[in-house]
Amino acid sequence: VQLQASGGGLVQAGGSLRLSCVASGSNFSIGSMAWYRQSPGTQRARVATIGSGAGPTYADAVKGRFTISRDSNKNTAYLEMTDLKPEDTAVYYCAATEIDGGRTYARWGQGTLVTVSS
């Protein structure tokens, strides 16, 4: 499974962006999908997760501002980000759990940069 993230860019504080993550490959099955972010000098941290049948969960820092969703027919996850703050500046990575033969594998996309100016 390959994950392709897109939608990052430069936005002013208070603005909005929508990130997309498309999973592609052959004969694959995806469980949960998630977004992580990493800013310089910090560890990669989970932002939001959505399961194949479970509701979404969010990091405290983004609750009420970010919304994760997925379109299983398109193998795509989205992260709608509103009321963006400078501290949201980071490279955002999408991740997915691939299910194959009863085993699970973590897959990562390449990252998309989000820059929020004050």
# chains A, B, ... in the order shown; residues from 1 in each chain; ligands from 1
$ residues_around --residues "Ala106 (chain A)" --least-positions-apart "2" --cutoff "7 Å" --atoms "only C-alpha atoms" --output "count of residues only"
5
$ select_by_dssp --residues "region 41-91 of chain A" --states "strand (DSSP E or B)" --output "JSON, numbers by chain"
{"A": [45, 46, 47, 48, 49, 50, 57, 58, 66, 67, 68, 69, 70, 71, 76, 77, 78, 79, 80, 81, 90, 91]}
$ write_last_selection --atoms "N, CA, C and O atoms" --output "compact mmCIF listing (two decimals), in the first residue's frame"
# COMPACT_ATOMS: atom_id res chain seq x y z
N ALA A 45 3.90 13.22 16.39
CA ALA A 45 2.80 13.05 17.34
C ALA A 45 1.50 12.82 16.59
O ALA A 45 1.26 13.41 15.52
N ARG A 46 0.66 11.99 17.16
CA ARG A 46 -0.63 11.69 16.55
C ARG A 46 -1.55 12.90 16.65
O ARG A 46 -1.65 13.53 17.70
N VAL A 47 -2.26 13.18 15.57
CA VAL A 47 -3.21 14.28 15.55
C VAL A 47 -4.64 13.76 15.62
O VAL A 47 -5.45 14.23 16.42
N ALA A 48 -4.94 12.77 14.78
CA ALA A 48 -6.30 12.24 14.73
C ALA A 48 -6.28 10.86 14.12
O ALA A 48 -5.41 10.54 13.30
N THR A 49 -7.23 10.04 14.52
CA THR A 49 -7.35 8.67 14.03
C THR A 49 -8.80 8.38 13.72
O THR A 49 -9.70 8.84 14.44
N ILE A 50 -9.03 7.61 12.67
CA ILE A 50 -10.38 7.14 12.37
C ILE A 50 -10.29 5.67 12.00
O ILE A 50 -9.49 5.28 11.15
N THR A 57 -10.87 9.90 16.90
CA THR A 57 -10.27 10.39 18.13
C THR A 57 -9.26 11.46 17.77
O THR A 57 -8.68 11.44 16.67
N TYR A 58 -9.04 12.39 18.69
CA TYR A 58 -8.20 13.55 18.42
C TYR A 58 -7.24 13.82 19.57
O TYR A 58 -7.54 13.55 20.73
N PHE A 66 -10.04 20.50 14.35
CA PHE A 66 -9.72 19.58 13.27
C PHE A 66 -10.78 18.49 13.19
O PHE A 66 -11.31 18.06 14.21
N THR A 67 -11.05 18.04 11.97
CA THR A 67 -11.99 16.95 11.76
C THR A 67 -11.39 15.95 10.79
O THR A 67 -10.99 16.32 9.68
N ILE A 68 -11.31 14.71 11.22
CA ILE A 68 -10.84 13.64 10.34
C ILE A 68 -12.03 12.89 9.78
O ILE A 68 -13.04 12.69 10.48
N SER A 69 -11.93 12.52 8.52
CA SER A 69 -12.99 11.73 7.90
C SER A 69 -12.35 10.81 6.87
O SER A 69 -11.17 10.95 6.56
N ARG A 70 -13.14 9.89 6.38
CA ARG A 70 -12.62 9.00 5.35
C ARG A 70 -13.72 8.61 4.40
O ARG A 70 -14.90 8.55 4.76
N ASP A 71 -13.31 8.36 3.17
CA ASP A 71 -14.20 7.84 2.14
C ASP A 71 -13.63 6.48 1.76
O ASP A 71 -12.65 6.39 1.01
N THR A 76 -9.56 7.04 0.83
CA THR A 76 -9.02 8.37 1.10
C THR A 76 -9.44 8.83 2.49
O THR A 76 -10.58 8.64 2.90
N ALA A 77 -8.48 9.44 3.18
CA ALA A 77 -8.75 10.08 4.46
C ALA A 77 -8.51 11.57 4.31
O ALA A 77 -7.67 12.00 3.52
N TYR A 78 -9.25 12.33 5.08
CA TYR A 78 -9.14 13.78 5.01
C TYR A 78 -8.90 14.34 6.42
O TYR A 78 -9.31 13.74 7.42
N LEU A 79 -8.24 15.47 6.46
CA LEU A 79 -8.12 16.19 7.72
C LEU A 79 -8.50 17.64 7.44
O LEU A 79 -7.76 18.37 6.77
N GLU A 80 -9.67 18.01 7.93
CA GLU A 80 -10.14 19.38 7.79
C GLU A 80 -9.63 20.16 9.00
O GLU A 80 -9.94 19.83 10.14
N MET A 81 -8.85 21.19 8.73
CA MET A 81 -8.23 21.97 9.80
C MET A 81 -8.77 23.39 9.76
O MET A 81 -8.66 24.06 8.72
N ALA A 90 3.78 22.36 10.92
CA ALA A 90 4.46 21.07 11.01
C ALA A 90 4.37 20.37 9.65
O ALA A 90 3.61 20.80 8.77
N VAL A 91 5.12 19.31 9.53
CA VAL A 91 4.91 18.38 8.43
C VAL A 91 3.86 17.37 8.89
O VAL A 91 4.01 16.77 9.96
$ residues_around --residues "Ser24 (chain A)" --least-positions-apart "2" --cutoff "8 Å" --atoms "only C-alpha atoms" --output "list in words"
Val1, Gln2, Leu3, Val22, Ser26 and Asn75 of chain A
$ write_last_selection --atoms "C-alpha atoms" --output "PDB file, in the first residue's frame"
ATOM      1  CA  VAL A   1       0.000   0.000   0.000  1.00  0.00           C
ATOM      2  CA  GLN A   2       1.242   3.465  -0.878  1.00  0.00           C
ATOM      3  CA  LEU A   3      -0.085   6.602   0.791  1.00  0.00           C
ATOM      4  CA  VAL A  22      -5.043   8.508  -0.826  1.00  0.00           C
ATOM      5  CA  SER A  26      -3.494  -3.906  -5.362  1.00  0.00           C
ATOM      6  CA  ASN A  75      -9.516   4.787   0.038  1.00  0.00           C
TER       7      ASN A  75
END
$ closest_residue --among "A:Ala59, A:Cys21, A:Leu10, A:Leu84" --to "Gln110 (chain A)" --atoms "only C-alpha atoms"
A:Cys21
$ closest_residue --among "A:Leu19, A:Ser118, A:Val62, A:Gly51" --to "Ser6 (chain A)" --atoms "only C-alpha atoms"
A:Leu19
$ select_by_dssp --residues "chain A" --states "helix (DSSP H, G or I)" --output "PyMOL selection string"
chain A and resi 60-62+72-74+86-88
$ closest_residue --among "A:Arg44, A:Arg103, A:Arg37, A:Lys85" --to "Val11 (chain A)" --atoms "only C-alpha atoms"
A:Lys85
$ closest_residue --among "A:Arg18, A:Gly8, A:Gly31, A:Thr42" --to "Gly102 (chain A)" --atoms "only C-alpha atoms"
A:Gly31
$ decode --residues "region 20-37 of chain A" --atoms "N, CA, C and O atoms" --output "CSV table (one decimal), in the first residue's frame"
chain,number,residue,atom,x,y,z
A,20,SER,N,-5.5,15.7,2.3
A,20,SER,CA,-6.0,14.5,1.8
A,20,SER,C,-5.0,13.4,1.8
A,20,SER,O,-3.8,13.7,1.6
A,21,CYS,N,-5.4,12.2,1.9
A,21,CYS,CA,-4.4,11.0,1.9
A,21,CYS,C,-5.1,9.9,1.1
A,21,CYS,O,-6.1,9.4,1.6
A,22,VAL,N,-4.5,9.6,0.0
A,22,VAL,CA,-5.0,8.5,-0.8
A,22,VAL,C,-4.2,7.3,-0.7
A,22,VAL,O,-3.0,7.3,-0.9
A,23,ALA,N,-4.8,6.2,-0.4
A,23,ALA,CA,-4.2,4.9,-0.4
A,23,ALA,C,-4.3,4.2,-1.7
A,23,ALA,O,-5.4,4.1,-2.2
A,24,SER,N,-3.2,3.6,-2.2
A,24,SER,CA,-3.3,2.9,-3.5
A,24,SER,C,-2.5,1.6,-3.4
A,24,SER,O,-1.6,1.5,-2.6
A,25,GLY,N,-2.8,0.7,-4.3
A,25,GLY,CA,-2.1,-0.5,-4.4
A,25,GLY,C,-3.0,-1.6,-5.0
A,25,GLY,O,-4.0,-1.2,-5.6
A,26,SER,N,-2.7,-2.8,-4.8
A,26,SER,CA,-3.5,-3.9,-5.4
A,26,SER,C,-3.9,-4.9,-4.3
A,26,SER,O,-3.1,-5.2,-3.4
A,27,ASN,N,-5.1,-5.2,-4.3
A,27,ASN,CA,-5.7,-6.2,-3.3
A,27,ASN,C,-5.3,-5.9,-1.9
A,27,ASN,O,-4.7,-6.7,-1.2
A,28,PHE,N,-5.6,-4.7,-1.5
A,28,PHE,CA,-5.3,-4.3,-0.1
A,28,PHE,C,-6.5,-4.0,0.7
A,28,PHE,O,-7.6,-3.8,0.2
A,29,SER,N,-6.3,-4.1,2.0
A,29,SER,CA,-7.4,-3.8,3.0
A,29,SER,C,-6.8,-2.9,4.0
A,29,SER,O,-5.8,-3.1,4.6
A,30,ILE,N,-7.5,-1.8,4.3
A,30,ILE,CA,-7.1,-0.8,5.2
A,30,ILE,C,-8.0,-0.8,6.5
A,30,ILE,O,-9.2,-0.9,6.4
A,31,GLY,N,-7.3,-0.8,7.6
A,31,GLY,CA,-8.1,-0.7,8.9
A,31,GLY,C,-8.2,0.7,9.2
A,31,GLY,O,-8.9,1.5,8.5
A,32,SER,N,-7.5,1.2,10.2
A,32,SER,CA,-7.6,2.6,10.6
A,32,SER,C,-6.7,3.5,9.8
A,32,SER,O,-5.7,3.0,9.2
A,33,MET,N,-7.0,4.7,9.7
A,33,MET,CA,-6.2,5.7,9.1
A,33,MET,C,-6.0,6.8,10.1
A,33,MET,O,-6.8,7.1,11.0
A,34,ALA,N,-4.9,7.5,10.0
A,34,ALA,CA,-4.6,8.5,11.0
A,34,ALA,C,-3.7,9.6,10.4
A,34,ALA,O,-3.1,9.4,9.3
A,35,TRP,N,-3.7,10.7,11.1
A,35,TRP,CA,-2.8,11.8,10.7
A,35,TRP,C,-1.8,12.1,11.9
A,35,TRP,O,-2.3,12.1,13.1
A,36,TYR,N,-0.6,12.3,11.6
A,36,TYR,CA,0.4,12.7,12.6
A,36,TYR,C,1.1,14.0,12.1
A,36,TYR,O,0.9,14.4,11.0
A,37,ARG,N,1.8,14.6,13.0
A,37,ARG,CA,2.5,15.8,12.6
A,37,ARG,C,3.9,15.9,13.4
A,37,ARG,O,4.0,15.3,14.5
